[in-house]
file model35.pdb (PDB, C-alpha atoms)
ATOM      1  CA  MET T   1      -5.547  -4.239   7.476
ATOM      2  CA  ARG T   2      -7.148  -7.051   5.584
ATOM      3  CA  LEU T   3      -8.881  -4.418   3.491
ATOM      4  CA  PRO T   4      -7.211  -1.612   1.460
ATOM      5  CA  SER T   5      -5.797   1.493   3.121
ATOM      6  CA  MET T   6      -8.710   3.798   3.963
ATOM      7  CA  PRO T   7     -11.394   3.868   1.293
ATOM      8  CA  GLY T   8     -11.063   7.165  -0.536
ATOM      9  CA  ARG T   9     -14.589   8.238   0.339
ATOM     10  CA  LEU T  10     -13.682   8.075   4.043
ATOM     11  CA  LEU T  11     -10.642  10.299   3.592
ATOM     12  CA  ARG T  12     -12.045  13.111   1.468
ATOM     13  CA  GLY T  13     -13.701  15.047   4.245
ATOM     14  CA  ALA T  14     -10.548  14.987   6.329
ATOM     15  CA  VAL T  15      -8.417  16.079   3.376
ATOM     16  CA  ALA T  16     -10.700  18.962   2.502
ATOM     17  CA  ALA T  17     -10.964  20.138   6.098
ATOM     18  CA  ALA T  18      -7.206  19.989   6.569
ATOM     19  CA  ALA T  19      -6.162  21.630   3.302
ATOM     20  CA  LEU T  20      -5.891  25.257   4.471
ATOM     21  CA  VAL T  21      -4.448  24.256   7.825
ATOM     22  CA  PHE T  22      -1.832  22.123   6.073
ATOM     23  CA  VAL T  23      -0.687  25.000   3.871
ATOM     24  CA  THR T  24      -0.279  27.493   6.690
ATOM     25  CA  ALA T  25       1.084  25.012   9.204
ATOM     26  CA  GLY T  26       3.463  23.615   6.630
ATOM     27  CA  ALA T  27       4.956  27.057   6.047
ATOM     28  CA  ALA T  28       5.509  27.474   9.758
ATOM     29  CA  GLN T  29       7.064  24.053  10.129
ATOM     30  CA  ALA T  30       9.492  24.729   7.293
ATOM     31  CA  ALA T  31      11.343  27.181   9.513
ATOM     32  CA  THR T  32      11.912  24.685  12.314
ATOM     33  CA  PRO T  33      15.162  22.708  12.590
ATOM     34  CA  SER T  34      13.378  19.336  12.386
ATOM     35  CA  ALA T  35      11.516  20.328   9.219
ATOM     36  CA  THR T  36      14.735  21.643   7.704
ATOM     37  CA  ALA T  37      16.449  18.348   8.459
ATOM     38  CA  ASP T  38      13.569  16.458   6.893
ATOM     39  CA  ALA T  39      13.767  18.635   3.796
ATOM     40  CA  ARG T  40      17.453  17.847   3.447
ATOM     41  CA  ALA T  41      16.754  14.140   3.897
ATOM     42  CA  ALA T  42      13.973  14.332   1.307
ATOM     43  CA  ALA T  43      16.250  15.807  -1.359
ATOM     44  CA  PRO T  44      16.602  13.744  -4.550
ATOM     45  CA  SER T  45      18.609  10.588  -3.955
ATOM     46  CA  PRO T  46      21.277   9.204  -6.264
ATOM     47  CA  ALA T  47      20.236   6.865  -9.049
ATOM     48  CA  PRO T  48      19.547   3.271  -7.980
ATOM     49  CA  SER T  49      22.633   1.140  -7.497
ATOM     50  CA  PRO T  50      23.513  -1.487 -10.097
ATOM     51  CA  ALA T  51      22.214  -4.120  -7.647
ATOM     52  CA  THR T  52      18.643  -2.977  -8.384
ATOM     53  CA  ALA T  53      19.027  -3.773 -12.075
ATOM     54  CA  ASP T  54      18.032  -7.400 -11.426
ATOM     55  CA  LEU T  55      14.773  -6.580  -9.639
ATOM     56  CA  TRP T  56      11.504  -7.776 -11.115
ATOM     57  CA  ARG T  57       9.738  -4.846 -12.691
ATOM     58  CA  PRO T  58       6.351  -5.533 -14.296
ATOM     59  CA  PRO T  59       5.471  -4.081 -17.685
ATOM     60  CA  VAL T  60       2.873  -1.371 -18.155
ATOM     61  CA  GLN T  61      -0.619  -2.900 -18.487
ATOM     62  CA  ALA T  62       0.271  -6.149 -16.713
ATOM     63  CA  ARG T  63      -2.973  -7.636 -15.404
ATOM     64  CA  TRP T  64      -3.297  -7.830 -11.629
ATOM     65  CA  GLN T  65      -5.439  -9.261  -8.850
ATOM     66  CA  TYR T  66      -5.822  -7.677  -5.404
ATOM     67  CA  GLN T  67      -6.702 -10.326  -2.796
ATOM     68  CA  LEU T  68      -5.863  -9.496   0.805
ATOM     69  CA  GLU T  69      -8.577 -11.707   2.304
ATOM     70  CA  GLY T  70      -8.290 -15.483   2.182
ATOM     71  CA  ASN T  71     -10.830 -18.072   1.084
ATOM     72  CA  ARG T  72     -10.899 -21.425   2.891
ATOM     73  CA  LYS T  73     -11.703 -23.143  -0.405
ATOM     74  CA  PHE T  74      -8.099 -22.479  -1.409
ATOM     75  CA  ALA T  75      -6.383 -23.450   1.843
ATOM     76  CA  SER T  76      -3.650 -25.371   0.012
ATOM     77  CA  THR T  77      -2.569 -22.159  -1.711
ATOM     78  CA  GLY T  78      -2.755 -19.916   1.341
ATOM     79  CA  GLY T  79      -6.350 -18.898   0.752
ATOM     80  CA  ILE T  80      -5.536 -17.373  -2.633
ATOM     81  CA  ASP T  81      -7.349 -18.393  -5.821
ATOM     82  CA  VAL T  82      -4.279 -18.645  -8.022
ATOM     83  CA  ASN T  83      -6.351 -20.099 -10.881
ATOM     84  CA  VAL T  84      -8.768 -17.194 -11.117
ATOM     85  CA  CYS T  85      -9.776 -16.511 -14.730
ATOM     86  CA  VAL T  86     -12.594 -14.082 -15.506
ATOM     87  CA  THR T  87     -14.133 -12.343 -18.485
ATOM     88  CA  PRO T  88     -12.897  -8.744 -18.694
ATOM     89  CA  GLN T  89     -15.230  -5.782 -18.891
ATOM     90  CA  LYS T  90     -14.928  -5.604 -22.666
ATOM     91  CA  GLY T  91     -15.988  -9.269 -23.008
ATOM     92  CA  GLY T  92     -14.301 -12.190 -24.742
ATOM     93  CA  ALA T  93     -12.353 -15.094 -23.299
ATOM     94  CA  CYS T  94     -11.428 -15.178 -19.633
ATOM     95  CA  VAL T  95      -8.088 -13.646 -18.637
ATOM     96  CA  ARG T  96      -5.673 -14.466 -15.807
ATOM     97  CA  PRO T  97      -3.640 -12.087 -13.634
ATOM     98  CA  ASP T  98       0.050 -11.621 -14.347
ATOM     99  CA  VAL T  99       0.504 -10.176 -10.847
ATOM    100  CA  PHE T 100      -1.107 -11.025  -7.482
ATOM    101  CA  ASP T 101      -1.000  -8.482  -4.640
ATOM    102  CA  ILE T 102      -1.532 -10.517  -1.437
ATOM    103  CA  ASP T 103      -0.828 -10.197   2.280
ATOM    104  CA  LEU T 104       2.483 -11.305   3.749
ATOM    105  CA  TYR T 105       0.549 -13.595   6.080
ATOM    106  CA  VAL T 106      -2.131 -16.188   5.392
ATOM    107  CA  ASP T 107      -5.539 -14.900   6.502
ATOM    108  CA  ALA T 108      -6.107 -16.037  10.105
ATOM    109  CA  GLU T 109      -9.466 -17.528   9.132
ATOM    110  CA  VAL T 110      -7.602 -19.850   6.773
ATOM    111  CA  ALA T 111      -4.423 -20.522   8.758
ATOM    112  CA  GLY T 112      -5.895 -20.574  12.253
ATOM    113  CA  ASN T 113      -3.205 -18.130  13.425
ATOM    114  CA  ASN T 114      -1.870 -14.671  12.556
ATOM    115  CA  HIS T 115       1.741 -15.550  11.775
ATOM    116  CA  THR T 116       1.872 -18.045   8.908
ATOM    117  CA  VAL T 117       3.856 -16.450   6.088
ATOM    118  CA  ASN T 118       2.109 -17.079   2.771
ATOM    119  CA  THR T 119       4.897 -19.005   1.079
ATOM    120  CA  ALA T 120       2.364 -21.525  -0.261
ATOM    121  CA  ALA T 121       0.547 -18.855  -2.249
ATOM    122  CA  VAL T 122       3.782 -17.424  -3.636
ATOM    123  CA  LYS T 123       4.934 -20.852  -4.829
ATOM    124  CA  ALA T 124       1.559 -21.530  -6.456
ATOM    125  CA  ILE T 125       1.520 -18.113  -8.127
ATOM    126  CA  HIS T 126       5.003 -18.698  -9.524
ATOM    127  CA  ALA T 127       4.032 -22.167 -10.716
ATOM    128  CA  ARG T 128       1.396 -20.504 -12.889
ATOM    129  CA  GLY T 129       3.902 -18.081 -14.371
ATOM    130  CA  ALA T 130       2.719 -15.030 -12.414
ATOM    131  CA  LYS T 131       4.424 -12.749  -9.882
ATOM    132  CA  ALA T 132       3.566 -11.881  -6.273
ATOM    133  CA  ILE T 133       3.538  -8.526  -4.474
ATOM    134  CA  CYS T 134       3.740  -8.619  -0.668
ATOM    135  CA  TYR T 135       1.276  -6.370   1.184
ATOM    136  CA  VAL T 136       2.735  -4.730   4.311
ATOM    137  CA  ASN T 137       1.153  -1.911   6.302
ATOM    138  CA  ALA T 138       3.880   0.609   7.097
ATOM    139  CA  GLY T 139       1.908   3.659   8.248
ATOM    140  CA  SER T 140      -0.615   2.312  10.718
ATOM    141  CA  ILE T 141      -0.170  -0.197  13.526
ATOM    142  CA  GLU T 142      -2.543  -3.166  13.366
ATOM    143  CA  GLU T 143      -3.542  -5.015  16.530
ATOM    144  CA  PHE T 144      -3.794  -8.368  14.755
ATOM    145  CA  ARG T 145      -0.163  -8.506  13.582
ATOM    146  CA  PRO T 146       2.276 -10.821  15.393
ATOM    147  CA  ASP T 147       4.662  -7.945  16.245
ATOM    148  CA  TYR T 148       1.965  -5.611  17.615
ATOM    149  CA  LYS T 149       3.096  -5.814  21.248
ATOM    150  CA  GLN T 150       6.524  -4.446  20.345
ATOM    151  CA  PHE T 151       4.890  -1.286  18.998
ATOM    152  CA  VAL T 152       2.785  -0.901  22.148
ATOM    153  CA  ASP T 153       5.771  -1.428  24.443
ATOM    154  CA  TRP T 154       7.821   1.174  22.556
ATOM    155  CA  HIS T 155       4.875   3.600  22.592
ATOM    156  CA  ASN T 156       4.462   3.275  26.380
ATOM    157  CA  ALA T 157       8.205   3.585  27.004
ATOM    158  CA  HIS T 158       8.535   6.770  24.942
ATOM    159  CA  GLY T 159       5.847   9.074  26.231
ATOM    160  CA  LYS T 160       3.026   7.510  24.202
ATOM    161  CA  SER T 161       4.500   9.111  21.099
ATOM    162  CA  LEU T 162       3.975   6.382  18.471
ATOM    163  CA  LEU T 163       0.345   5.193  18.271
ATOM    164  CA  GLY T 164      -2.126   7.812  17.114
ATOM    165  CA  LYS T 165      -5.845   7.889  16.557
ATOM    166  CA  PRO T 166      -7.784   4.849  15.328
ATOM    167  CA  PHE T 167      -7.406   4.601  11.586
ATOM    168  CA  SER T 168     -11.137   5.068  10.990
ATOM    169  CA  PRO T 169     -14.490   3.962  12.432
ATOM    170  CA  GLU T 170     -14.359   1.094   9.926
ATOM    171  CA  PHE T 171     -10.865   0.063  11.073
ATOM    172  CA  PRO T 172     -10.727   0.703  14.851
ATOM    173  CA  ASN T 173      -8.208  -2.116  15.396
ATOM    174  CA  GLU T 174      -5.317  -0.121  13.976
ATOM    175  CA  ARG T 175      -3.864   3.283  14.778
ATOM    176  CA  TRP T 176      -1.997   5.900  12.780
ATOM    177  CA  ALA T 177       1.755   5.727  13.322
ATOM    178  CA  ASN T 178       3.779   8.822  14.156
ATOM    179  CA  ILE T 179       6.530   8.944  11.535
ATOM    180  CA  ASN T 180       8.198  11.996  13.019
ATOM    181  CA  ASN T 181      11.548  11.307  14.645
ATOM    182  CA  ASP T 182      11.780  13.642  17.628
ATOM    183  CA  LYS T 183      11.867  10.594  19.919
ATOM    184  CA  GLY T 184      13.123   8.134  17.344
ATOM    185  CA  GLN T 185       9.672   7.031  16.177
ATOM    186  CA  ARG T 186      10.547   6.816  12.501
ATOM    187  CA  ASP T 187      13.765   4.961  13.226
ATOM    188  CA  PHE T 188      11.814   2.440  15.297
ATOM    189  CA  ILE T 189       9.110   1.930  12.652
ATOM    190  CA  LEU T 190      11.728   1.361   9.963
ATOM    191  CA  LYS T 191      13.522  -1.065  12.285
ATOM    192  CA  MET T 192      10.232  -2.952  12.663
ATOM    193  CA  MET T 193       9.633  -2.952   8.917
ATOM    194  CA  GLU T 194      13.000  -4.569   8.206
ATOM    195  CA  PRO T 195      12.059  -8.096   9.409
ATOM    196  CA  ARG T 196       8.701  -7.841   7.644
ATOM    197  CA  VAL T 197      10.422  -7.017   4.380
ATOM    198  CA  ALA T 198      12.950  -9.784   4.986
ATOM    199  CA  LYS T 199      10.067 -12.251   5.423
ATOM    200  CA  CYS T 200       8.594 -11.099   2.101
ATOM    201  CA  ALA T 201      11.918 -11.772   0.401
ATOM    202  CA  GLN T 202      12.442 -15.118   2.152
ATOM    203  CA  ALA T 203       8.950 -16.248   1.100
ATOM    204  CA  GLY T 204       9.879 -15.607  -2.519
ATOM    205  CA  PHE T 205       7.758 -12.531  -3.188
ATOM    206  CA  ASP T 206       8.853 -10.449  -6.168
ATOM    207  CA  GLY T 207       7.741  -7.025  -4.934
ATOM    208  CA  ILE T 208       6.194  -5.224  -1.981
ATOM    209  CA  GLU T 209       3.362  -2.768  -1.376
ATOM    210  CA  PHE T 210       3.710  -0.501   1.669
ATOM    211  CA  ASP T 211       0.282   0.754   2.684
ATOM    212  CA  VAL T 212      -0.737   3.953   4.509
ATOM    213  CA  VAL T 213       2.121   6.185   3.376
ATOM    214  CA  HIS T 214       0.065   9.371   3.086
ATOM    215  CA  ALA T 215      -0.403  10.639   6.669
ATOM    216  CA  HIS T 216       0.726  14.129   5.685
ATOM    217  CA  GLU T 217      -2.290  14.458   3.370
ATOM    218  CA  VAL T 218      -4.966  13.878   6.002
ATOM    219  CA  GLY T 219      -3.696  15.956   8.896
ATOM    220  CA  LYS T 220      -3.569  15.875  12.682
ATOM    221  CA  LYS T 221      -7.343  15.828  13.123
ATOM    222  CA  THR T 222      -7.403  12.393  11.500
ATOM    223  CA  THR T 223      -4.051  10.920  12.571
ATOM    224  CA  GLY T 224      -3.282  12.625  15.880
ATOM    225  CA  TRP T 225       0.103  13.769  14.541
ATOM    226  CA  ASN T 226       1.504  16.745  12.652
ATOM    227  CA  ILE T 227       3.273  15.125   9.690
ATOM    228  CA  SER T 228       4.932  17.393   7.139
ATOM    229  CA  ALA T 229       5.265  16.630   3.448
ATOM    230  CA  ALA T 230       9.045  16.519   3.879
ATOM    231  CA  THR T 231       8.726  13.995   6.709
ATOM    232  CA  GLN T 232       6.513  11.811   4.546
ATOM    233  CA  LEU T 233       9.030  11.932   1.700
ATOM    234  CA  THR T 234      11.809  10.909   4.058
ATOM    235  CA  PHE T 235       9.795   7.940   5.311
ATOM    236  CA  ASN T 236       8.596   6.799   1.897
ATOM    237  CA  LYS T 237      12.037   6.993   0.333
ATOM    238  CA  ALA T 238      13.473   4.971   3.210
ATOM    239  CA  LEU T 239      10.846   2.277   2.624
ATOM    240  CA  ALA T 240      11.649   2.122  -1.091
ATOM    241  CA  ALA T 241      15.368   1.812  -0.389
ATOM    242  CA  MET T 242      14.701  -0.950   2.142
ATOM    243  CA  ALA T 243      12.689  -2.949  -0.382
ATOM    244  CA  HIS T 244      15.441  -2.642  -2.952
ATOM    245  CA  ARG T 245      18.085  -3.739  -0.433
ATOM    246  CA  HIS T 246      16.120  -6.945   0.044
ATOM    247  CA  GLY T 247      15.849  -7.578  -3.686
ATOM    248  CA  LEU T 248      12.206  -6.550  -4.002
ATOM    249  CA  SER T 249      10.648  -4.045  -6.352
ATOM    250  CA  VAL T 250       8.306  -1.609  -4.615
ATOM    251  CA  ALA T 251       4.916   0.044  -5.126
ATOM    252  CA  LEU T 252       3.939   3.566  -4.172
ATOM    253  CA  LYS T 253       0.469   3.257  -2.609
ATOM    254  CA  ASN T 254      -1.665   6.349  -3.248
ATOM    255  CA  ASP T 255       0.145   9.514  -1.887
ATOM    256  CA  LEU T 256      -0.771  11.252  -5.138
ATOM    257  CA  SER T 257       0.463  14.655  -3.988
ATOM    258  CA  GLN T 258       4.055  13.351  -3.996
ATOM    259  CA  VAL T 259       4.080  11.213  -7.134
ATOM    260  CA  ARG T 260       6.492  13.467  -9.012
ATOM    261  CA  GLU T 261       8.994  13.415  -6.154
ATOM    262  CA  LEU T 262       8.733   9.655  -5.641
ATOM    263  CA  VAL T 263       8.310   8.132  -9.098
ATOM    264  CA  SER T 264      12.067   7.687  -9.498
ATOM    265  CA  HIS T 265      12.261   5.759  -6.207
ATOM    266  CA  PHE T 266       9.328   3.383  -6.787
ATOM    267  CA  ASP T 267       8.882   0.773  -9.502
ATOM    268  CA  TYR T 268       5.091   0.925  -9.932
ATOM    269  CA  ALA T 269       2.036   2.472  -8.312
ATOM    270  CA  VAL T 270      -0.925   0.938  -6.496
ATOM    271  CA  ASN T 271      -3.933   3.214  -6.472
ATOM    272  CA  GLU T 272      -7.427   3.090  -5.066
ATOM    273  CA  GLU T 273     -10.303   4.980  -6.672
ATOM    274  CA  CYS T 274      -8.573   7.650  -8.723
ATOM    275  CA  PHE T 275     -11.540   7.684 -11.109
ATOM    276  CA  ALA T 276     -14.059   8.077  -8.296
ATOM    277  CA  TRP T 277     -12.167  11.160  -7.112
ATOM    278  CA  ASP T 278     -10.961  12.526 -10.459
ATOM    279  CA  GLU T 279      -7.281  12.127  -9.552
ATOM    280  CA  CYS T 280      -5.959   9.807 -12.247
ATOM    281  CA  ASP T 281      -3.934  12.510 -13.975
ATOM    282  CA  GLU T 282      -1.663  12.544 -10.935
ATOM    283  CA  LEU T 283      -0.445   9.074 -11.902
ATOM    284  CA  LYS T 284       0.742  10.051 -15.387
ATOM    285  CA  PRO T 285       4.427  10.223 -14.340
ATOM    286  CA  PHE T 286       4.462   6.463 -13.670
ATOM    287  CA  ILE T 287       3.148   5.558 -17.107
ATOM    288  CA  ALA T 288       5.474   8.120 -18.709
ATOM    289  CA  ALA T 289       8.396   6.439 -16.931
ATOM    290  CA  GLY T 290       7.330   3.027 -18.247
ATOM    291  CA  LYS T 291       6.092   1.930 -14.815
ATOM    292  CA  PRO T 292       2.652   0.334 -14.391
ATOM    293  CA  VAL T 293      -0.245   1.697 -12.388
ATOM    294  CA  PHE T 294      -2.129  -1.090 -10.592
ATOM    295  CA  HIS T 295      -5.483   0.534 -10.005
ATOM    296  CA  VAL T 296      -8.730  -0.569  -8.324
ATOM    297  CA  GLU T 297     -12.209   0.937  -8.116
ATOM    298  CA  TYR T 298     -14.856  -0.216  -5.660
ATOM    299  CA  GLU T 299     -18.084   1.745  -6.012
ATOM    300  CA  THR T 300     -17.691   2.851  -9.632
ATOM    301  CA  ALA T 301     -19.129   0.576 -12.342
ATOM    302  CA  PRO T 302     -16.560  -0.858 -14.792
ATOM    303  CA  LYS T 303     -18.397   0.581 -17.779
ATOM    304  CA  SER T 304     -17.914   4.038 -16.266
ATOM    305  CA  PHE T 305     -14.125   3.911 -16.005
ATOM    306  CA  CYS T 306     -12.665   0.992 -17.973
ATOM    307  CA  GLY T 307     -12.549   2.756 -21.342
ATOM    308  CA  ASP T 308     -10.635   5.671 -19.860
ATOM    309  CA  ALA T 309      -8.402   3.329 -17.857
ATOM    310  CA  VAL T 310      -7.421   1.354 -20.936
ATOM    311  CA  SER T 311      -6.656   4.542 -22.856
ATOM    312  CA  ARG T 312      -4.415   5.632 -19.979
ATOM    313  CA  ARG T 313      -2.692   2.212 -20.080
ATOM    314  CA  PHE T 314      -3.615   1.542 -16.459
ATOM    315  CA  SER T 315      -3.903  -1.988 -15.064
ATOM    316  CA  SER T 316      -7.419  -1.458 -13.723
ATOM    317  CA  ILE T 317      -9.838  -3.759 -11.918
ATOM    318  CA  LYS T 318     -13.196  -3.547 -10.169
ATOM    319  CA  LYS T 319     -13.557  -5.143  -6.738
ATOM    320  CA  ALA T 320     -16.458  -5.347  -4.258
ATOM    321  CA  GLU T 321     -18.456  -2.226  -3.425
ATOM    322  CA  THR T 322     -18.027  -3.158   0.239
ATOM    323  CA  TYR T 323     -14.253  -2.659  -0.123
ATOM    324  CA  ALA T 324     -13.688  -6.326   0.691
ATOM    325  CA  LEU T 325     -10.671  -7.793  -1.067
ATOM    326  CA  LYS T 326     -11.622 -11.422  -1.493
ATOM    327  CA  ASP T 327     -10.885 -13.480  -4.615
ATOM    328  CA  ARG T 328     -14.292 -12.513  -6.090
ATOM    329  CA  PRO T 329     -15.834 -10.274  -7.285
ATOM    330  CA  TYR T 330     -13.073  -9.366  -9.689
ATOM    331  CA  THR T 331     -13.474  -7.646 -13.055
ATOM    332  CA  PRO T 332     -10.363  -6.564 -14.989
ATOM    333  CA  CYS T 333     -10.876  -3.829 -17.551
ATOM    334  CA  ARG T 334      -8.989  -5.748 -20.245
TER     335      ARG T 334
END
call {"tool": "encode", "arguments": {"input": "model35.pdb", "output": "structure tokens"}}
result
Amino acid sequence: MRLPSMPGRLLRGAVAAAALVFVTAGAAQAATPSATADARAAAPSPAPSPATADLWRPPVQARWQYQLEGNRKFASTGGIDVNVCVTPQKGGACVRPDVFDIDLYVDAEVAGNNHTVNTAAVKAIHARGAKAICYVNAGSIEEFRPDYKQFVDWHNAHGKSLLGKPFSPEFPNERWANINNDKGQRDFILKMMEPRVAKCAQAGFDGIEFDVVHAHEVGKKTTGWNISAATQLTFNKALAAMAHRHGLSVALKNDLSQVRELVSHFDYAVNEECFAWDECDELKPFIAAGKPVFHVEYETAPKSFCGDAVSRRFSSIKKAETYALKDRPYTPCR
């Protein structure tokens, strides 16, 4: 997606409707061999290898910018406004981001194609002393990506077992991925993620954000697939390990119900709208572990959440109420 995962307001109804079903179905699945295998795979992993000691890990309260949509005015820097400097919610002098979260690829409206890796933006970000996080969608399959046909071919060759329901009415050009592994779906998705992650590393990105890693929370009615919590843990931990193998630090995107199990595997969190949905307490383990929470609100006014965000030591920003992720509007809390 060029926009964030699914806006929280679009997910709540599905989560609420699926809650009781998830509890009872989850208990039944726990007795099956596949669920048992997933539970074993989701058991705590060993501590990170010494090789991860050299990864870039941002400090708590590092300022960030979330720009997944390009602006033709900044074509020379991949559509990214690397010089953005705005007055924070509390007032005073303008402040600049320490961290930019941008797409792996240059926006097609800027590049004229869907496959130009955004090396230009990364170089420009680094030249200004900031760091770059590479946005990659790992949990839904987007029609506009250069490797889309490979997903479709695999889906058709394996009993149509990979591509689920459209992500949402707002995002009909992507479909929920089946991360179960009864036909090797998860293995295939991870195989497809490997070259994407490699491209992030080759472009010079410092970290990576894997989006849509919360299918288990929304249920079959939304995704088309029965995904257990254990299956989600297996998938998310594999993504984190992949990022680290490629020398990239890694963000946990949303998936608040599994923060405590995953905080040791991820280096920071990216969250959408925890204040709008009264879920920010779920992110406490990241701050307690000395790992930043890069947080964004869309429909909530900065004056309504920034004071609380600062007290929580979150790196919080306000973006457009339309959920667009262009360079502006952009209001950091501090």
call {"tool": "closest_atom_pairs", "arguments": {"input": "model35.pdb", "of": "stretch 155-240 of chain T", "to": "stretch 101-111 of chain T", "cutoff": "12 Å", "atoms": "all atoms listed in the file", "output": "CSV"}}
result
residue,atom,partner,partner_atom,distance
T:Pro195,CA,T:Leu104,CA,11.6
T:Arg196,CA,T:Leu104,CA,8.1
T:Val197,CA,T:Leu104,CA,9.0
T:Ala198,CA,T:Leu104,CA,10.6
T:Lys199,CA,T:Leu104,CA,7.8
T:Cys200,CA,T:Leu104,CA,6.3
T:Ala201,CA,T:Leu104,CA,10.0
T:Gln202,CA,T:Leu104,CA,10.8
T:Ala203,CA,T:Leu104,CA,8.6
T:Gly204,CA,T:Leu104,CA,10.6
T:Phe205,CA,T:Leu104,CA,8.8
T:Asp206,CA,T:Asp101,CA,10.2
T:Gly207,CA,T:Asp101,CA,8.9
T:Ile208,CA,T:Asp101,CA,8.3
T:Glu209,CA,T:Asp101,CA,7.9
T:Phe210,CA,T:Asp103,CA,10.7
T:Asp211,CA,T:Asp103,CA,11.0
call {"tool": "resolve_selection", "arguments": {"input": "model35.pdb", "expression": "the PyMOL selection byres ((chain T and resi 270-275) around 9)", "output": "PyMOL selection string"}}
result
chain T and resi 4-5+7-9+209+251-256+268-269+276-283+292-300+304-305+309
call {"tool": "residues_near_point", "arguments": {"input": "model35.pdb", "point": "(-10.4, -12.1, -2.5)", "cutoff": "9 Å", "atoms": "only C-alpha atoms", "output": "PyMOL selection string"}}
result
chain T and resi 65-71+79-81+319+324-330
call {"tool": "closest_atom_pairs", "arguments": {"input": "model35.pdb", "of": "stretch 127-158 of chain T", "to": "stretch 231-250 of chain T", "cutoff": "12 Å", "atoms": "only C-alpha atoms", "output": "Markdown table"}}
result
| residue | atom | partner | partner_atom | distance |
| --- | --- | --- | --- | --- |
| T:Lys131 | CA | T:Ser249 | CA | 11.3 |
| T:Ala132 | CA | T:Leu248 | CA | 10.4 |
| T:Ile133 | CA | T:Val250 | CA | 8.4 |
| T:Cys134 | CA | T:Val250 | CA | 9.3 |
| T:Tyr135 | CA | T:Val250 | CA | 10.3 |
| T:Val136 | CA | T:Leu239 | CA | 10.9 |
| T:Asn137 | CA | T:Leu239 | CA | 11.2 |
| T:Ala138 | CA | T:Leu239 | CA | 8.4 |
| T:Gly139 | CA | T:Phe235 | CA | 9.4 |
call {"tool": "closest_residue", "arguments": {"input": "model35.pdb", "among": "T:Gly78, T:Thr87, T:Lys160, T:Pro58", "to": "T:Ile317", "atoms": "only C-alpha atoms"}}
result
T:Thr87
call {"tool": "residues_near_point", "arguments": {"input": "model35.pdb", "point": "(-2.2, 13.5, 11.9)", "cutoff": "12 Å", "atoms": "only C-alpha atoms", "output": "ChimeraX atom specification"}}
result
/T:14-15,18,21-22,139-140,162-167,175-180,214-229,232
call {"tool": "atom_distance", "arguments": {"input": "model35.pdb", "atom1": "atom CA of T:Lys90", "atom2": "atom CA of T:Arg312"}}
result
15.6 Å
call {"tool": "atom_distance", "arguments": {"input": "model35.pdb", "atom1": "atom CA of T:Asn113", "atom2": "atom CA of T:Pro146"}}
result
9.3 Å
call {"tool": "atom_distance", "arguments": {"input": "model35.pdb", "atom1": "atom CA of T:Arg334", "atom2": "atom CA of T:Ala301"}}
result
14.3 Å
call {"tool": "closest_residue", "arguments": {"input": "model35.pdb", "among": "T:Pro172, T:Arg145, T:Arg313, T:Arg57", "to": "T:Ile287", "atoms": "all atoms listed in the file"}}
result
T:Arg313
